[in-house]
Amino acid sequence: MIVLGIETSCDETGLAVFDSERGLLADVLHSQVAVHAEYGGVVPELASRDHIRFLVPLAAEVLQRSGVDKHALDGIAYTAGPGLIGALMSGAAVARSLAWALGIPAVEVHHMEGHLLAPLLEAEAPEFPFVALLVSGGHTLLADVSEIGHYQLIGQSLDDAAGEAFDKTAKMMGLGYPGGPVLAKLAASGRRGVFRFPRPMTDRPGLDFSFSGLKTYALNTWEANQRRTQDKDQLRADIALAFEEAVVDTLSIKCRRALEQTGSPRLIVAGGVGANQHLRQRLHQLAKKHRFSVSFPRLEYCTDNGAMIAFAGCLRLQAGQFQPLDIDARARWPMEELLPLSR
């Protein structure tokens with residue numbers, strides 16, 4: 001089965017062609033960073049317009065790169081939620097229209113399920129069951145995964161997600177947009193031990209997260225110390241390191257708790273923050289010490305991309321799942337509502 005995947009949940013337009021026999025054939029990605037940079041964050045209306053501008057040209061490009069004629073497609077998968085509703089509708093409209101014109105089925109894909117399944121694109125894919133830590137820009141959650149479509153949410157962020165906290169902390173220190181990757185890079189120049197930030201909600205039982213207070217703690221540290229030093233760059237680096245250490249420690253502690261609670265021997269980590277090298281190193285160390293396995297997608301599939309949507313959609317189309325002609329994009333979509341592949 002050959003599937004075209006379309007991802008437009010936020011500020012990146014990603015398309016890919018996946019073959020159930022040959023694997024990923026091609027993927028392309030257009031980033032909107034330049035569009036939103038002057039506003040310091042994503043502007044939903046501009047995001048929607050940019051998706052509309054690039055979707056058709058990128059579809060032609062990814063098909064050309066894959067060597068697949070559009071009439072050879074067996075189905076189209078598109079992100080139907082969660083995300084910015086206008087951005088989702090842009091991708092859904094193109095996907096549904098193309099599927100209708102070609103006389104092939106189209107299937108909705110949950111954005112977070114796409115991230116969750118991204119590590120399965122690797123040659124050494126993790127086996128089920130496993131615990132999944134999903135840390136994208138707008139979501140931080142832990143799920144107990146017994147098989148595809150069987151997801152039990154066991155922990156989630158009660159306020160800001162980890163990725164949001166990274167971006168907002170960077171913005172407060174004048175690091176621009178998107179600030180998360182800049183903050184993580186800056187942390188490499190920080191001096192360990194200059195500041196120590198709290199590890200939120202690790203002093204109590206449970207698997208939920210809260211990063212809003214950590215963001216505020218970073219802001220207070222920045223405002224209290226910038227008047228006392230001439231070297232603002234070093235101060236930013238020291239705060240960046242303390243902030244990153246606090247997030248990484250918090251995520252690691254919760255992951256270990258989740259593995260102990262579920263008895264699972266496997267952890268997979270996906271989403272944009274999953275590209276953070278400090279987090280990867282910490283979890284690999286933890287896995288070696290406590291004898292569990294940990295898997296990550298390659299770096300380019302941590303952030304939003306079409307490959308994960310094409311793959312997830314292919315699995316559901318193979319199971320006979322597809323949607324009628326109406327479009328049902330959803331800004332909010334609990335993962336527990338997803339159907340298993342076999343019922």
# chains A, B, ... in the order shown; residues from 1 in each chain; ligands from 1

$ select_by_dssp --residues "region 250-281 of chain A" --states "helix (DSSP H, G or I)" --output "list of chain:residue names"
A:Thr250, A:Leu251, A:Ser252, A:Ile253, A:Lys254, A:Cys255, A:Arg256, A:Arg257, A:Ala258, A:Leu259, A:Glu260, A:Gln261, A:Thr262, A:Gly272, A:Val273, A:Gly274, A:Ala275, A:Gln277, A:His278, A:Leu279, A:Arg280, A:Gln281

$ select_by_dssp --residues "region 70-214 of chain A" --states "strand (DSSP E or B)" --output "mmCIF file with N, CA, C and O atoms, in the first residue's frame"
data_model
loop_
_atom_site.group_PDB
_atom_site.id
_atom_site.type_symbol
_atom_site.label_atom_id
_atom_site.label_comp_id
_atom_site.auth_asym_id
_atom_site.auth_seq_id
_atom_site.Cartn_x
_atom_site.Cartn_y
_atom_site.Cartn_z
ATOM 1 N N GLY A 75 -3.958 5.570 -0.931
ATOM 2 C CA GLY A 75 -4.679 6.299 0.106
ATOM 3 C C GLY A 75 -3.935 7.556 0.507
ATOM 4 O O GLY A 75 -2.761 7.734 0.170
ATOM 5 N N ILE A 76 -4.626 8.426 1.224
ATOM 6 C CA ILE A 76 -4.037 9.675 1.710
ATOM 7 C C ILE A 76 -4.340 9.797 3.192
ATOM 8 O O ILE A 76 -5.473 9.578 3.641
ATOM 9 N N ALA A 77 -3.314 10.117 3.961
ATOM 10 C CA ALA A 77 -3.451 10.320 5.408
ATOM 11 C C ALA A 77 -3.183 11.784 5.717
ATOM 12 O O ALA A 77 -2.287 12.398 5.136
ATOM 13 N N TYR A 78 -3.966 12.336 6.640
ATOM 14 C CA TYR A 78 -3.771 13.741 6.987
ATOM 15 C C TYR A 78 -3.999 13.941 8.479
ATOM 16 O O TYR A 78 -4.786 13.238 9.105
ATOM 17 N N THR A 79 -3.282 14.900 9.042
ATOM 18 C CA THR A 79 -3.449 15.227 10.452
ATOM 19 C C THR A 79 -4.791 15.926 10.642
ATOM 20 O O THR A 79 -5.044 16.971 10.047
ATOM 21 N N ALA A 80 -5.645 15.339 11.489
ATOM 22 C CA ALA A 80 -6.965 15.915 11.748
ATOM 23 C C ALA A 80 -7.045 16.565 13.122
ATOM 24 O O ALA A 80 -8.062 17.147 13.482
ATOM 25 N N GLY A 81 -5.979 16.471 13.923
ATOM 26 C CA GLY A 81 -5.961 17.079 15.241
ATOM 27 C C GLY A 81 -4.977 16.339 16.128
ATOM 28 O O GLY A 81 -4.471 15.281 15.733
ATOM 29 N N ALA A 106 -9.281 8.269 2.238
ATOM 30 C CA ALA A 106 -8.491 9.177 3.065
ATOM 31 C C ALA A 106 -8.744 8.831 4.521
ATOM 32 O O ALA A 106 -9.846 8.433 4.891
ATOM 33 N N VAL A 107 -7.715 8.986 5.340
ATOM 34 C CA VAL A 107 -7.845 8.628 6.751
ATOM 35 C C VAL A 107 -7.305 9.738 7.630
ATOM 36 O O VAL A 107 -6.274 10.353 7.333
ATOM 37 N N GLU A 108 -8.035 10.026 8.714
ATOM 38 C CA GLU A 108 -7.584 11.001 9.697
ATOM 39 C C GLU A 108 -6.484 10.385 10.559
ATOM 40 O O GLU A 108 -6.562 9.220 10.939
ATOM 41 N N VAL A 109 -5.482 11.185 10.897
ATOM 42 C CA VAL A 109 -4.415 10.735 11.791
ATOM 43 C C VAL A 109 -4.325 11.693 12.973
ATOM 44 O O VAL A 109 -4.379 12.913 12.798
ATOM 45 N N HIS A 110 -4.228 11.127 14.153
ATOM 46 C CA HIS A 110 -4.022 11.907 15.368
ATOM 47 C C HIS A 110 -2.554 12.341 15.414
ATOM 48 O O HIS A 110 -1.650 11.510 15.285
ATOM 49 N N PHE A 130 4.995 -0.792 25.493
ATOM 50 C CA PHE A 130 6.003 0.148 25.964
ATOM 51 C C PHE A 130 5.324 1.361 26.590
ATOM 52 O O PHE A 130 4.120 1.570 26.430
ATOM 53 N N VAL A 131 6.110 2.131 27.316
ATOM 54 C CA VAL A 131 5.668 3.432 27.820
ATOM 55 C C VAL A 131 6.163 4.489 26.851
ATOM 56 O O VAL A 131 7.321 4.442 26.406
ATOM 57 N N ALA A 132 5.297 5.423 26.491
ATOM 58 C CA ALA A 132 5.669 6.495 25.571
ATOM 59 C C ALA A 132 5.687 7.830 26.294
ATOM 60 O O ALA A 132 4.724 8.188 26.970
ATOM 61 N N LEU A 133 6.801 8.546 26.161
ATOM 62 C CA LEU A 133 6.891 9.932 26.603
ATOM 63 C C LEU A 133 6.791 10.793 25.356
ATOM 64 O O LEU A 133 7.671 10.758 24.490
ATOM 65 N N LEU A 134 5.712 11.561 25.246
ATOM 66 C CA LEU A 134 5.508 12.426 24.099
ATOM 67 C C LEU A 134 5.713 13.869 24.541
ATOM 68 O O LEU A 134 4.959 14.389 25.367
ATOM 69 N N VAL A 135 6.760 14.477 24.006
ATOM 70 C CA VAL A 135 7.128 15.840 24.416
ATOM 71 C C VAL A 135 7.281 16.715 23.176
ATOM 72 O O VAL A 135 8.381 16.970 22.707
ATOM 73 N N THR A 140 2.922 17.460 26.620
ATOM 74 C CA THR A 140 3.820 16.591 27.375
ATOM 75 C C THR A 140 2.936 15.558 28.055
ATOM 76 O O THR A 140 2.073 15.910 28.861
ATOM 77 N N LEU A 141 3.136 14.294 27.700
ATOM 78 C CA LEU A 141 2.294 13.250 28.281
ATOM 79 C C LEU A 141 3.026 11.919 28.313
ATOM 80 O O LEU A 141 3.981 11.688 27.570
ATOM 81 N N LEU A 142 2.555 11.059 29.206
ATOM 82 C CA LEU A 142 3.025 9.686 29.309
ATOM 83 C C LEU A 142 1.853 8.767 29.013
ATOM 84 O O LEU A 142 0.748 8.981 29.521
ATOM 85 N N ALA A 143 2.096 7.745 28.181
ATOM 86 C CA ALA A 143 1.042 6.807 27.833
ATOM 87 C C ALA A 143 1.552 5.383 27.964
ATOM 88 O O ALA A 143 2.709 5.089 27.631
ATOM 89 N N ASP A 144 0.692 4.521 28.457
ATOM 90 C CA ASP A 144 0.961 3.085 28.522
ATOM 91 C C ASP A 144 0.404 2.492 27.231
ATOM 92 O O ASP A 144 -0.810 2.534 26.987
ATOM 93 N N VAL A 145 1.281 1.967 26.386
ATOM 94 C CA VAL A 145 0.899 1.519 25.046
ATOM 95 C C VAL A 145 1.000 0.004 24.959
ATOM 96 O O VAL A 145 2.097 -0.553 25.034
ATOM 97 N N SER A 146 -0.141 -0.664 24.816
ATOM 98 C CA SER A 146 -0.128 -2.118 24.691
ATOM 99 C C SER A 146 -0.054 -2.553 23.237
ATOM 100 O O SER A 146 0.537 -3.585 22.912
ATOM 101 N N GLU A 147 -0.672 -1.759 22.356
ATOM 102 C CA GLU A 147 -0.596 -1.993 20.915
ATOM 103 C C GLU A 147 -1.091 -0.730 20.234
ATOM 104 O O GLU A 147 -1.573 0.197 20.890
ATOM 105 N N HIS A 150 -4.272 1.268 21.342
ATOM 106 C CA HIS A 150 -4.579 1.025 22.752
ATOM 107 C C HIS A 150 -3.644 1.896 23.599
ATOM 108 O O HIS A 150 -2.537 1.484 23.918
ATOM 109 N N TYR A 151 -4.101 3.101 23.924
ATOM 110 C CA TYR A 151 -3.283 4.070 24.636
ATOM 111 C C TYR A 151 -3.972 4.465 25.933
ATOM 112 O O TYR A 151 -5.087 4.990 25.922
ATOM 113 N N GLN A 152 -3.306 4.207 27.040
ATOM 114 C CA GLN A 152 -3.834 4.633 28.335
ATOM 115 C C GLN A 152 -3.003 5.799 28.831
ATOM 116 O O GLN A 152 -1.808 5.642 29.119
ATOM 117 N N LEU A 153 -3.615 6.966 28.915
ATOM 118 C CA LEU A 153 -2.917 8.150 29.399
ATOM 119 C C LEU A 153 -2.665 8.007 30.895
ATOM 120 O O LEU A 153 -3.610 7.844 31.670
ATOM 121 N N ILE A 154 -1.400 8.055 31.305
ATOM 122 C CA ILE A 154 -1.072 7.890 32.725
ATOM 123 C C ILE A 154 -0.429 9.139 33.322
ATOM 124 O O ILE A 154 -0.224 9.214 34.531
ATOM 125 N N GLY A 155 -0.130 10.128 32.513
ATOM 126 C CA GLY A 155 0.427 11.382 33.014
ATOM 127 C C GLY A 155 0.396 12.441 31.933
ATOM 128 O O GLY A 155 0.544 12.132 30.749
ATOM 129 N N GLN A 156 0.185 13.695 32.323
ATOM 130 C CA GLN A 156 0.161 14.779 31.348
ATOM 131 C C GLN A 156 0.490 16.098 32.026
ATOM 132 O O GLN A 156 0.445 16.213 33.256
ATOM 133 N N SER A 157 0.807 17.095 31.219
ATOM 134 C CA SER A 157 1.095 18.414 31.753
ATOM 135 C C SER A 157 -0.204 19.102 32.165
ATOM 136 O O SER A 157 -1.183 19.091 31.415
ATOM 137 N N PHE A 209 2.737 16.465 35.025
ATOM 138 C CA PHE A 209 3.806 17.458 34.898
ATOM 139 C C PHE A 209 3.243 18.866 35.096
ATOM 140 O O PHE A 209 2.058 19.122 34.860
#

$ residues_around --residues "Arg196 (chain A)" --least-positions-apart "4" --cutoff "9 Å" --atoms "only C-alpha atoms" --output "count of residues only"
6

$ closest_residue --among "A:Leu219, A:Ala224, A:Ala87, A:Leu341" --to "Val43 (chain A)" --atoms "only C-alpha atoms"
A:Ala87

$ residues_around --residues "Ser48 (chain A)" --least-positions-apart "3" --cutoff "7 Å" --atoms "only C-alpha atoms" --output "MDAnalysis selection string"
chainID A and resid 44:45 51:52 86:87 90

$ write_last_selection --atoms "all heavy atoms" --output "compact mmCIF listing (two decimals), in the first residue's frame"
# COMPACT_ATOMS: atom_id res chain seq x y z
N PRO A 44 -1.84 32.13 14.02
CA PRO A 44 -2.65 31.09 13.38
C PRO A 44 -3.09 31.42 11.96
O PRO A 44 -3.03 30.56 11.07
CB PRO A 44 -3.85 30.95 14.32
CG PRO A 44 -3.29 31.31 15.67
CD PRO A 44 -2.33 32.44 15.39
N GLU A 45 -3.56 32.63 11.71
CA GLU A 45 -4.04 32.98 10.38
C GLU A 45 -2.91 32.92 9.35
O GLU A 45 -3.09 32.42 8.22
CB GLU A 45 -4.67 34.38 10.39
CG GLU A 45 -5.16 34.86 9.04
CD GLU A 45 -6.30 34.03 8.47
OE1 GLU A 45 -6.99 33.36 9.25
OE2 GLU A 45 -6.49 34.06 7.24
N HIS A 51 0.33 27.36 4.78
CA HIS A 51 0.05 25.97 4.41
C HIS A 51 -0.62 25.91 3.04
O HIS A 51 -0.24 25.11 2.17
CB HIS A 51 -0.87 25.31 5.44
CG HIS A 51 -0.19 24.99 6.74
ND1 HIS A 51 1.00 24.28 6.82
CD2 HIS A 51 -0.55 25.26 8.02
CE1 HIS A 51 1.33 24.13 8.10
NE2 HIS A 51 0.41 24.72 8.84
N ILE A 52 -1.64 26.75 2.84
CA ILE A 52 -2.37 26.76 1.57
C ILE A 52 -1.44 27.08 0.41
O ILE A 52 -1.54 26.50 -0.67
CB ILE A 52 -3.52 27.77 1.64
CG1 ILE A 52 -4.58 27.28 2.63
CG2 ILE A 52 -4.15 28.00 0.27
CD1 ILE A 52 -5.64 28.31 2.98
N GLY A 86 -7.38 26.19 11.90
CA GLY A 86 -7.22 26.68 10.52
C GLY A 86 -6.14 25.93 9.78
O GLY A 86 -6.30 25.58 8.59
N ALA A 87 -5.03 25.66 10.45
CA ALA A 87 -3.94 24.90 9.85
C ALA A 87 -4.38 23.48 9.53
O ALA A 87 -4.10 22.94 8.45
CB ALA A 87 -2.73 24.90 10.79
N SER A 90 -6.61 23.37 6.49
CA SER A 90 -5.88 23.56 5.24
C SER A 90 -5.39 22.22 4.70
O SER A 90 -5.60 21.89 3.52
CB SER A 90 -4.68 24.49 5.47
OG SER A 90 -5.08 25.75 5.95

$ decode --residues "region 6-114 of chain A" --atoms "C-alpha atoms" --output "mmCIF file, in the first residue's frame"
data_model
loop_
_atom_site.group_PDB
_atom_site.id
_atom_site.type_symbol
_atom_site.label_atom_id
_atom_site.label_comp_id
_atom_site.auth_asym_id
_atom_site.auth_seq_id
_atom_site.Cartn_x
_atom_site.Cartn_y
_atom_site.Cartn_z
ATOM 1 C CA ILE A 6 0.088 15.413 5.004
ATOM 2 C CA GLU A 7 0.972 17.201 8.264
ATOM 3 C CA THR A 8 -0.273 20.759 8.926
ATOM 4 C CA SER A 9 -1.076 20.867 12.637
ATOM 5 C CA CYS A 10 0.861 24.057 13.393
ATOM 6 C CA ASP A 11 3.693 25.898 11.662
ATOM 7 C CA GLU A 12 5.346 23.236 9.499
ATOM 8 C CA THR A 13 4.043 21.790 6.244
ATOM 9 C CA GLY A 14 5.235 18.211 5.968
ATOM 10 C CA LEU A 15 4.447 15.676 3.237
ATOM 11 C CA ALA A 16 5.741 12.147 2.687
ATOM 12 C CA VAL A 17 5.138 9.024 0.638
ATOM 13 C CA PHE A 18 5.230 5.706 2.502
ATOM 14 C CA ASP A 19 5.108 2.234 0.950
ATOM 15 C CA SER A 20 4.100 -0.623 3.262
ATOM 16 C CA GLU A 21 6.573 -2.904 1.443
ATOM 17 C CA ARG A 22 9.495 -0.562 0.695
ATOM 18 C CA GLY A 23 9.206 1.841 3.609
ATOM 19 C CA LEU A 24 9.565 5.611 3.427
ATOM 20 C CA LEU A 25 10.101 6.688 -0.181
ATOM 21 C CA ALA A 26 10.372 10.466 0.193
ATOM 22 C CA ASP A 27 9.505 13.328 2.529
ATOM 23 C CA VAL A 28 9.620 17.111 2.283
ATOM 24 C CA LEU A 29 9.195 19.820 4.889
ATOM 25 C CA HIS A 30 8.540 23.544 4.743
ATOM 26 C CA SER A 31 9.135 25.492 7.947
ATOM 27 C CA GLN A 32 7.315 28.741 8.754
ATOM 28 C CA VAL A 33 9.928 30.065 11.174
ATOM 29 C CA ALA A 34 10.652 33.107 9.002
ATOM 30 C CA VAL A 35 6.914 33.877 8.727
ATOM 31 C CA HIS A 36 6.343 34.003 12.491
ATOM 32 C CA ALA A 37 9.736 35.199 13.761
ATOM 33 C CA GLU A 38 8.904 38.916 13.733
ATOM 34 C CA TYR A 39 5.822 38.244 15.901
ATOM 35 C CA GLY A 40 7.667 36.141 18.464
ATOM 36 C CA GLY A 41 5.278 33.210 18.090
ATOM 37 C CA VAL A 42 2.910 31.410 15.753
ATOM 38 C CA VAL A 43 0.155 33.559 14.236
ATOM 39 C CA PRO A 44 -2.646 31.094 13.376
ATOM 40 C CA GLU A 45 -4.039 32.984 10.378
ATOM 41 C CA LEU A 46 -0.594 33.360 8.814
ATOM 42 C CA ALA A 47 0.110 29.688 9.455
ATOM 43 C CA SER A 48 -3.054 28.659 7.604
ATOM 44 C CA ARG A 49 -2.283 30.885 4.638
ATOM 45 C CA ASP A 50 1.266 29.577 4.374
ATOM 46 C CA HIS A 51 0.051 25.966 4.408
ATOM 47 C CA ILE A 52 -2.365 26.761 1.573
ATOM 48 C CA ARG A 53 0.427 28.390 -0.403
ATOM 49 C CA PHE A 54 2.810 25.437 -0.201
ATOM 50 C CA LEU A 55 0.668 22.283 0.048
ATOM 51 C CA VAL A 56 0.078 21.649 -3.660
ATOM 52 C CA PRO A 57 3.677 22.422 -4.792
ATOM 53 C CA LEU A 58 5.066 20.233 -1.982
ATOM 54 C CA ALA A 59 2.709 17.393 -2.917
ATOM 55 C CA ALA A 60 4.016 17.513 -6.480
ATOM 56 C CA GLU A 61 7.604 17.619 -5.202
ATOM 57 C CA VAL A 62 7.304 14.672 -2.822
ATOM 58 C CA LEU A 63 5.614 12.528 -5.471
ATOM 59 C CA GLN A 64 8.375 13.400 -7.948
ATOM 60 C CA ARG A 65 11.079 12.551 -5.395
ATOM 61 C CA SER A 66 9.427 9.250 -4.542
ATOM 62 C CA GLY A 67 9.026 8.225 -8.157
ATOM 63 C CA VAL A 68 5.336 7.531 -7.520
ATOM 64 C CA ASP A 69 2.638 8.744 -9.905
ATOM 65 C CA LYS A 70 -0.367 10.195 -8.100
ATOM 66 C CA HIS A 71 -2.585 7.568 -9.725
ATOM 67 C CA ALA A 72 -0.495 4.858 -8.027
ATOM 68 C CA LEU A 73 -1.458 6.108 -4.564
ATOM 69 C CA ASP A 74 -3.675 3.775 -2.546
ATOM 70 C CA GLY A 75 -4.679 6.299 0.106
ATOM 71 C CA ILE A 76 -4.037 9.675 1.710
ATOM 72 C CA ALA A 77 -3.451 10.320 5.408
ATOM 73 C CA TYR A 78 -3.771 13.741 6.987
ATOM 74 C CA THR A 79 -3.449 15.227 10.452
ATOM 75 C CA ALA A 80 -6.965 15.915 11.748
ATOM 76 C CA GLY A 81 -5.961 17.079 15.241
ATOM 77 C CA PRO A 82 -5.033 18.213 17.729
ATOM 78 C CA GLY A 83 -3.616 21.523 16.525
ATOM 79 C CA LEU A 84 -4.530 24.944 15.151
ATOM 80 C CA ILE A 85 -7.938 24.494 13.568
ATOM 81 C CA GLY A 86 -7.224 26.675 10.523
ATOM 82 C CA ALA A 87 -3.937 24.902 9.849
ATOM 83 C CA LEU A 88 -5.602 21.504 10.241
ATOM 84 C CA MET A 89 -8.418 22.473 7.863
ATOM 85 C CA SER A 90 -5.875 23.558 5.243
ATOM 86 C CA GLY A 91 -4.252 20.134 5.116
ATOM 87 C CA ALA A 92 -7.531 18.248 5.502
ATOM 88 C CA ALA A 93 -9.166 20.117 2.607
ATOM 89 C CA VAL A 94 -6.286 19.361 0.236
ATOM 90 C CA ALA A 95 -6.102 15.731 1.373
ATOM 91 C CA ARG A 96 -9.837 15.114 1.050
ATOM 92 C CA SER A 97 -10.030 16.862 -2.333
ATOM 93 C CA LEU A 98 -7.126 14.887 -3.752
ATOM 94 C CA ALA A 99 -8.492 11.608 -2.406
ATOM 95 C CA TRP A 100 -11.909 12.343 -3.913
ATOM 96 C CA ALA A 101 -10.387 13.271 -7.288
ATOM 97 C CA LEU A 102 -8.306 10.070 -7.373
ATOM 98 C CA GLY A 103 -11.088 7.850 -6.061
ATOM 99 C CA ILE A 104 -9.039 6.571 -3.121
ATOM 100 C CA PRO A 105 -9.719 6.534 0.640
ATOM 101 C CA ALA A 106 -8.491 9.177 3.065
ATOM 102 C CA VAL A 107 -7.845 8.628 6.751
ATOM 103 C CA GLU A 108 -7.584 11.001 9.697
ATOM 104 C CA VAL A 109 -4.415 10.735 11.791
ATOM 105 C CA HIS A 110 -4.022 11.907 15.368
ATOM 106 C CA HIS A 111 -0.981 14.171 15.555
ATOM 107 C CA MET A 112 0.277 12.648 18.790
ATOM 108 C CA GLU A 113 -0.211 9.104 17.513
ATOM 109 C CA GLY A 114 2.009 10.106 14.609
#
